[in-house]
file run13.txt (compact mmCIF, C-alpha atoms)
# COMPACT_ATOMS: atom_id res chain seq x y z
CA MET A 24 17.51 23.46 3.95
CA ARG A 25 18.07 27.20 3.73
CA LEU A 26 15.55 27.75 0.95
CA PRO A 27 12.95 29.53 3.15
CA ILE A 28 15.59 31.95 4.43
CA VAL A 29 16.90 32.58 0.93
CA PHE A 30 13.36 33.13 -0.32
CA LEU A 31 12.65 35.64 2.45
CA PHE A 32 15.88 37.45 1.60
CA PHE A 33 14.90 37.71 -2.08
CA PHE A 34 11.36 38.74 -1.15
CA ILE A 35 12.54 41.57 1.12
CA ILE A 36 14.77 42.88 -1.67
CA THR A 37 12.04 42.71 -4.31
CA ILE A 38 9.28 44.21 -2.15
CA PHE A 39 11.53 47.13 -1.19
CA LEU A 40 12.48 47.66 -4.82
CA LEU A 41 9.00 47.38 -6.38
CA ALA A 42 7.16 49.22 -3.59
CA GLY A 43 9.86 51.90 -3.64
CA LEU A 44 9.46 52.40 -7.39
CA ASN A 45 5.70 52.50 -6.91
CA LEU A 46 6.07 55.21 -4.26
CA LEU A 47 8.52 57.14 -6.42
CA SER A 48 6.04 57.12 -9.30
CA PHE A 49 3.28 58.26 -6.94
CA TRP A 50 5.49 61.05 -5.61
CA GLY A 51 6.25 62.20 -9.14
CA ARG A 52 2.56 62.35 -10.02
CA ILE A 53 1.59 64.46 -7.00
CA TYR A 54 4.71 66.58 -6.57
CA SER A 55 4.18 70.22 -5.73
CA ASP A 56 5.94 72.98 -3.84
CA ASN A 57 3.93 72.03 -0.77
CA THR A 58 6.50 69.46 0.36
CA ASP A 59 4.94 68.78 3.77
CA LEU A 60 1.64 67.73 2.25
CA VAL A 61 3.33 65.63 -0.42
CA MET A 62 5.40 63.84 2.21
CA ARG A 63 2.30 63.01 4.25
CA LEU A 64 0.64 61.64 1.13
CA VAL A 65 3.65 59.48 0.34
CA LEU A 66 3.92 58.13 3.89
CA ARG A 67 0.24 57.25 3.96
CA ARG A 68 0.68 55.53 0.61
CA ILE A 69 3.31 53.06 1.87
CA PRO A 70 0.96 50.20 2.94
CA VAL A 71 -1.03 50.56 -0.29
CA SER A 72 2.14 50.38 -2.40
CA VAL A 73 3.37 47.32 -0.51
CA LEU A 74 0.01 45.60 -0.98
CA GLU A 75 -0.10 46.45 -4.69
CA MET A 76 3.38 45.01 -5.27
CA LEU A 77 3.00 41.99 -2.95
CA PRO A 78 1.98 39.36 -5.57
CA ALA A 79 4.58 40.53 -8.09
CA SER A 80 7.27 40.59 -5.37
CA VAL A 81 6.45 37.03 -4.29
CA LEU A 82 6.64 35.73 -7.85
CA LEU A 83 9.82 37.66 -8.61
CA ALA A 84 11.42 36.28 -5.44
CA LEU A 85 10.41 32.80 -6.61
CA ILE A 86 12.18 33.38 -9.93
CA LEU A 87 15.37 34.39 -8.12
CA LEU A 88 15.08 31.37 -5.82
CA LEU A 89 14.52 29.04 -8.77
CA PHE A 90 17.73 30.29 -10.38
CA ARG A 91 19.57 29.28 -7.24
CA ILE A 92 17.89 25.87 -7.20
CA ILE A 93 18.78 25.30 -10.84
CA ARG A 94 22.37 26.26 -10.09
CA HIS A 95 22.56 24.11 -6.94
CA PRO A 96 19.88 21.42 -7.26
CA GLY A 97 18.95 19.37 -4.23
CA ASN A 98 16.09 16.99 -3.62
CA ARG A 99 13.51 17.42 -6.37
CA PHE A 100 10.50 17.03 -4.08
CA LEU A 101 11.77 19.43 -1.42
CA SER A 102 12.90 21.91 -4.07
CA PHE A 103 9.27 22.21 -5.10
CA ILE A 104 7.44 21.89 -1.79
CA ILE A 105 9.57 24.27 0.28
CA PRO A 106 9.33 27.24 -2.16
CA LEU A 107 5.62 26.49 -2.57
CA ILE A 108 4.92 26.64 1.17
CA SER A 109 7.24 29.62 1.73
CA ALA A 110 5.69 31.69 -1.06
CA PHE A 111 2.16 30.77 -0.02
CA LEU A 112 2.76 31.76 3.60
CA VAL A 113 4.39 35.06 2.65
CA LEU A 114 1.63 35.96 0.18
CA ALA A 115 -1.27 34.97 2.46
CA ALA A 116 0.20 36.29 5.72
CA GLY A 117 1.45 39.47 4.08
CA TYR A 118 -1.94 40.16 2.57
CA LEU A 119 -3.72 39.50 5.87
CA GLY A 120 -1.32 41.73 7.77
CA LEU A 121 -1.61 44.59 5.31
CA GLN A 122 -5.40 44.32 5.32
CA MET A 123 -5.28 44.93 9.09
CA ILE A 124 -3.34 48.14 8.47
CA LEU A 125 -5.38 49.45 5.55
CA PRO A 126 -8.65 50.06 7.46
CA GLY A 127 -6.80 52.86 9.27
CA TYR A 128 -5.45 54.22 6.02
CA GLU A 129 -7.33 57.21 4.62
CA GLU A 130 -6.60 59.06 1.44
CA ILE A 131 -6.02 62.73 2.11
CA LYS A 132 -8.77 64.71 0.45
CA LEU A 133 -7.63 66.51 -2.66
CA THR A 134 -7.03 70.14 -1.73
CA PRO A 135 -5.65 73.13 -3.66
CA ALA A 136 -2.61 73.13 -1.37
CA ARG A 137 -1.54 69.95 -3.13
CA TYR A 138 -0.75 71.97 -6.26
CA LEU A 139 -0.61 75.61 -5.16
CA ALA A 140 1.92 77.18 -2.86
CA ALA A 141 1.66 80.82 -1.81
CA GLY A 142 4.47 83.04 -3.03
CA ASN A 143 5.54 80.65 -5.80
CA PHE A 144 5.09 80.63 -9.56
CA ILE A 145 3.21 77.52 -10.68
CA LYS A 146 2.96 76.22 -14.24
CA ALA A 147 -0.71 76.08 -15.26
CA GLU A 148 -0.88 74.42 -18.67
CA ASP A 149 0.52 77.04 -21.09
CA ARG A 150 0.42 79.83 -18.51
CA VAL A 151 2.08 80.76 -15.24
CA LEU A 152 0.07 81.27 -12.05
CA TYR A 153 1.12 83.14 -8.94
CA VAL A 154 -0.83 83.64 -5.70
CA GLU A 155 0.35 85.82 -2.84
CA THR A 156 -1.73 84.13 -0.12
CA LEU A 157 -3.54 80.80 0.19
CA GLN A 158 -5.81 80.16 3.17
CA ASP A 159 -7.92 77.02 2.80
CA SER A 160 -9.79 77.83 -0.42
CA SER A 161 -9.31 81.62 -0.34
CA LEU A 162 -6.70 83.24 -2.57
CA GLY A 163 -5.20 86.74 -2.42
CA SER A 164 -3.36 88.68 -5.12
CA ILE A 165 -3.70 86.32 -8.08
CA LEU A 166 -1.39 86.85 -11.04
CA LEU A 167 -1.81 84.98 -14.32
CA VAL A 168 0.67 85.36 -17.17
CA GLY A 169 0.19 83.70 -20.58
CA ARG A 170 2.37 83.30 -23.61
CA GLY A 171 2.90 86.02 -26.15
CA ASN A 172 2.54 89.74 -25.52
CA PRO A 173 2.57 90.30 -21.72
CA GLU A 174 0.29 93.34 -22.09
CA LYS A 175 -2.44 91.18 -23.63
CA ASN A 176 -1.83 88.03 -21.60
CA PHE A 177 -1.39 89.52 -18.16
CA SER A 178 -4.23 89.26 -15.62
CA TYR A 179 -4.39 90.33 -11.99
CA TYR A 180 -7.17 89.57 -9.50
CA PRO A 181 -7.10 90.92 -5.91
CA ARG A 182 -8.88 87.88 -4.50
CA GLY A 183 -10.57 84.63 -5.46
CA ARG A 184 -11.54 81.15 -4.38
CA VAL A 185 -10.02 77.89 -5.52
CA GLU A 186 -11.51 74.42 -5.69
CA ALA A 187 -10.03 71.07 -6.73
CA LEU A 188 -12.41 69.16 -8.99
CA GLY A 189 -11.09 65.76 -9.96
CA GLU A 190 -8.14 66.47 -12.24
CA GLU A 191 -8.90 70.18 -12.59
CA LEU A 192 -8.27 73.24 -10.49
CA LYS A 193 -11.03 75.86 -10.62
CA ILE A 194 -10.35 79.44 -9.54
CA SER A 195 -13.35 81.71 -9.18
CA VAL A 196 -12.66 85.45 -9.33
CA PRO A 197 -15.09 88.41 -9.00
CA GLU A 198 -16.70 89.72 -12.19
CA SER A 199 -14.79 87.32 -14.46
CA PRO A 200 -15.27 83.82 -15.83
CA ALA A 201 -13.84 81.05 -13.67
CA LEU A 202 -10.31 79.93 -14.48
CA VAL A 203 -9.96 76.18 -14.96
CA PHE A 204 -6.61 74.39 -15.20
CA LYS A 205 -5.59 70.79 -15.64
CA LEU A 206 -3.69 69.56 -12.61
CA GLU A 207 -0.16 69.02 -13.86
CA THR A 208 2.60 68.43 -11.34
CA LEU A 209 6.25 69.11 -11.95
CA PHE A 210 7.44 65.57 -12.70
CA SER A 211 4.21 64.02 -13.96
CA SER A 212 5.45 63.80 -17.56
CA ILE A 213 8.54 61.87 -16.44
CA PHE A 214 6.45 59.26 -14.67
CA ARG A 215 3.97 58.64 -17.46
CA LYS A 216 4.13 54.89 -17.98
CA ALA A 217 5.04 53.29 -21.28
CA PRO A 218 2.29 51.06 -22.73
CA ILE A 219 4.15 47.83 -21.91
CA VAL A 220 4.63 48.92 -18.29
CA ARG A 221 1.05 50.17 -18.06
CA ASP A 222 -0.29 46.82 -19.29
CA PHE A 223 1.87 44.91 -16.82
CA LEU A 224 0.70 47.07 -13.92
CA HIS A 225 -2.89 46.61 -15.10
CA ASP A 226 -2.44 42.84 -14.88
CA ILE A 227 -0.96 43.12 -11.38
CA GLN A 228 -3.89 45.30 -10.28
CA LEU A 229 -6.28 42.69 -11.67
CA VAL A 230 -4.64 39.99 -9.56
CA ASN A 231 -4.88 42.29 -6.53
CA ARG A 232 -8.58 42.88 -7.17
CA GLU A 233 -9.19 39.15 -7.40
CA LEU A 234 -7.31 38.52 -4.16
CA ASN A 235 -9.28 41.28 -2.47
CA ALA A 236 -12.58 39.90 -3.78
CA PHE A 237 -11.78 36.41 -2.48
CA PHE A 238 -10.56 37.91 0.80
CA ASN A 239 -13.89 39.68 1.34
CA GLN A 240 -15.85 36.65 0.19
CA SER A 241 -14.35 33.93 2.37
CA ARG A 242 -11.00 33.06 3.89
CA SER A 243 -11.00 29.56 2.37
CA SER A 244 -11.45 31.00 -1.14
CA PHE A 245 -8.71 33.53 -0.47
CA TYR A 246 -6.25 30.85 0.70
CA PHE A 247 -7.11 28.69 -2.30
CA CYS A 248 -6.48 31.64 -4.62
CA CYS A 249 -3.07 32.32 -3.02
CA PHE A 250 -2.11 28.67 -3.23
CA SER A 251 -3.25 28.40 -6.86
CA LEU A 252 -1.22 31.43 -7.94
CA VAL A 253 1.97 30.13 -6.33
CA PHE A 254 1.45 26.50 -7.39
CA SER A 255 0.74 27.28 -11.04
CA PHE A 256 3.66 29.71 -11.25
CA LEU A 257 6.08 27.21 -9.72
CA SER A 258 4.86 24.50 -12.06
CA VAL A 259 5.82 26.44 -15.18
CA SER A 260 9.35 26.86 -13.83
CA VAL A 261 10.25 23.86 -15.98
CA LEU A 262 10.58 26.35 -18.84
CA MET A 263 13.53 27.90 -17.02
CA ARG A 264 15.48 24.63 -17.32
CA ILE A 265 15.08 23.95 -21.02
CA SER A 266 18.19 25.91 -22.00
CA ARG A 267 21.85 25.57 -21.02
CA TRP A 268 22.45 29.34 -21.41
CA PRO A 269 22.02 31.21 -18.09
CA LEU A 270 21.23 34.60 -19.63
CA PHE A 271 18.54 33.07 -21.81
CA ASN A 272 17.07 31.33 -18.77
CA ILE A 273 17.00 34.64 -16.89
CA LEU A 274 15.20 36.30 -19.79
CA LEU A 275 12.86 33.34 -20.06
CA GLY A 276 12.11 33.54 -16.34
CA PHE A 277 10.91 37.13 -16.60
CA LEU A 278 8.96 36.32 -19.77
CA VAL A 279 7.27 33.49 -17.87
CA MET A 280 6.33 35.93 -15.12
CA ARG A 281 4.95 38.42 -17.65
CA GLY A 282 3.08 35.71 -19.51
CA PHE A 283 1.64 34.37 -16.27
CA PHE A 284 0.01 37.71 -15.43
CA TYR A 285 -1.21 38.06 -19.01
CA LEU A 286 -2.72 34.57 -18.90
CA PHE A 287 -4.56 35.44 -15.71
CA ARG A 288 -5.96 38.61 -17.30
CA PHE A 289 -6.99 36.70 -20.43
CA LEU A 290 -8.80 34.08 -18.35
CA ARG A 291 -10.49 36.66 -16.14
CA GLU A 292 -11.48 39.30 -18.69
CA GLU A 293 -11.98 37.24 -21.85
CA ILE A 294 -12.80 33.62 -21.05
CA ALA A 295 -14.72 34.22 -17.82
CA SER A 296 -16.84 36.93 -19.42
CA GLU A 297 -17.77 34.60 -22.29
CA VAL A 298 -18.58 31.73 -19.93
CA GLY A 299 -20.67 34.16 -17.88
CA LYS A 300 -23.03 34.45 -20.85
CA ILE A 301 -23.78 30.73 -20.49
CA LEU A 302 -23.50 30.00 -16.77
CA ALA A 303 -25.45 31.83 -14.10
CA ASP A 304 -23.26 30.64 -11.22
CA GLN A 305 -21.18 33.70 -10.36
CA THR A 306 -19.03 31.76 -7.88
CA MET A 307 -17.97 29.30 -10.56
CA ILE A 308 -17.28 32.12 -13.00
CA GLN A 309 -15.08 33.84 -10.44
CA LEU A 310 -13.21 30.61 -9.70
CA LEU A 311 -12.77 29.71 -13.37
CA PRO A 312 -9.42 31.52 -13.88
CA ILE A 313 -8.02 30.04 -10.67
CA LEU A 314 -9.17 26.50 -11.49
CA THR A 315 -7.75 26.84 -15.01
CA LEU A 316 -4.39 27.92 -13.62
CA VAL A 317 -4.37 24.97 -11.21
CA GLY A 318 -5.14 22.54 -14.05
CA PHE A 319 -2.50 24.10 -16.29
CA GLY A 320 0.03 24.02 -13.44
CA ALA A 321 -0.73 20.35 -12.72
CA LEU A 322 -0.20 19.50 -16.39
CA MET A 323 3.12 21.37 -16.52
CA LEU A 324 4.25 19.69 -13.30
CA LEU A 325 3.42 16.27 -14.73
CA LEU A 326 5.36 17.02 -17.92
CA ASP A 327 8.27 18.22 -15.80
CA ILE A 328 8.39 15.03 -13.73
CA LEU A 329 7.99 12.66 -16.69
CA PHE A 330 10.15 14.25 -19.37
CA VAL A 331 12.57 16.84 -17.94
CA PRO A 332 15.50 15.60 -15.83
CA PHE A 333 15.82 17.76 -12.73
CA ARG A 334 19.62 18.04 -12.93
CA SER A 335 19.98 18.23 -16.71
CA TRP A 336 21.07 21.89 -16.75
CA HIS A 337 23.46 21.32 -13.83
CA ARG A 338 25.06 18.29 -15.51
CA GLU A 339 25.62 20.19 -18.76
CA MET A 340 27.14 23.22 -17.04
CA GLU A 341 29.26 21.30 -14.52
CA GLY A 342 30.15 18.38 -16.79
CA GLU A 343 28.75 15.79 -14.40
call {"tool": "encode", "arguments": {"input": "run13.txt", "output": "structure tokens"}}
result
Amino acid sequence: MRLPIVFLFFFIITIFLLAGLNLLSFWGRIYSDNTDLVMRLVLRRIPVSVLEMLPASVLLALILLLFRIIRHPGNRFLSFIIPLISAFLVLAAGYLGLQMILPGYEEIKLTPARYLAAGNFIKAEDRVLYVETLQDSSLGSILLVGRGNPEKNFSYYPRGRVEALGEELKISVPESPALVFKLETLFSSIFRKAPIVRDFLHDIQLVNRELNAFFNQSRSSFYFCCFSLVFSFLSVSVLMRISRWPLFNILLGFLVMRGFFYLFRFLREEIASEVGKILADQTMIQLLPILTLVGFGALMLLLDILFVPFRSWHREMEGE
């Protein structure tokens, strides 16, 4: 069967798309006139973006593969086992490979050059900032223009020192109070995430944290976590065959994916925290969301086998 090859094809497309969007958002948040530094930051961010989008890419590739299986059904057993093994191997091997790369990855320390460029006017909140020279943290010929009357909102300092403090830029000048600005890059407002997107990304990050925790704890726990995520997600694919309308099934497939991540967050942040007040076994508490997903997936798989014909959608659409 060509299912593994088709799955890899879908996975490559989705990982390029999601990781690319992740990098684009990162670029927008850190953009400045110092293009060389920004480009180095983006390039160093690539393995992190791929790792962050790996679980979502695997599940999205599974959705695309399941649409193909629904359209061209084959053997029911193989149509479940082959995607299960393929997705598990890609998720586990991809995570292991990226973890080998990440130890060499280092975030570039936040420097003023990330937001200031000598000889350029930079927006600083409701004012405009200009520096003639920038050498490490030393500034020369600092010009600050505010709104309103230029005569009252015009400041010039022959020299000063700049320091990046978290999300603020602090400029110290002789015989004057320090100037503090919020770090605001050119396209940051464009890339502010809508609440629904922010919640979805939060759920993905939670799954990544769980995978990382199991990875650092033991390889067997990590493999079990990867298998459980793929197995439970594949098991609920029965919901994608309950309708004869393709567009509705596509919408339902993405809703299933969104609901799956939400269910994992609910189990991890709500249920596990409540159970933690009763049980003292931290290992069991950590495994609770995974075990619950496996049990839920097994139940959905049983309902699928007993009550949902595998070729029902195909027979209705093709008139078989």
call {"tool": "residues_around", "arguments": {"input": "run13.txt", "residues": "Ser251 (chain A)", "least_positions_apart": "2", "cutoff": "8 Å", "atoms": "all atoms listed in the file", "output": "VMD selection string"}}
result
chain A and resid 247 to 249 253 to 255 313 to 314 316 to 317
call {"tool": "closest_residue", "arguments": {"input": "run13.txt", "among": "A:Leu77, A:Leu66, A:Leu83, A:Val113", "to": "Leu278 (chain A)", "atoms": "only C-alpha atoms"}}
result
A:Leu83
call {"tool": "residues_around", "arguments": {"input": "run13.txt", "residues": "region 225-241 of chain A", "least_positions_apart": "3", "cutoff": "7 Å", "atoms": "only C-alpha atoms", "output": "PyMOL selection string"}}
result
chain A and resi 75+79+221-222+244-245+248+284-285+288
call {"tool": "closest_residue", "arguments": {"input": "run13.txt", "among": "A:Gly142, A:Pro27, A:Gly299, A:Gly97", "to": "Ala110 (chain A)", "atoms": "all atoms listed in the file"}}
result
A:Pro27
call {"tool": "atom_distance", "arguments": {"input": "run13.txt", "atom1": "CA of Gln309 (chain A)", "atom2": "CA of Val73 (chain A)"}}
result
24.9 Å
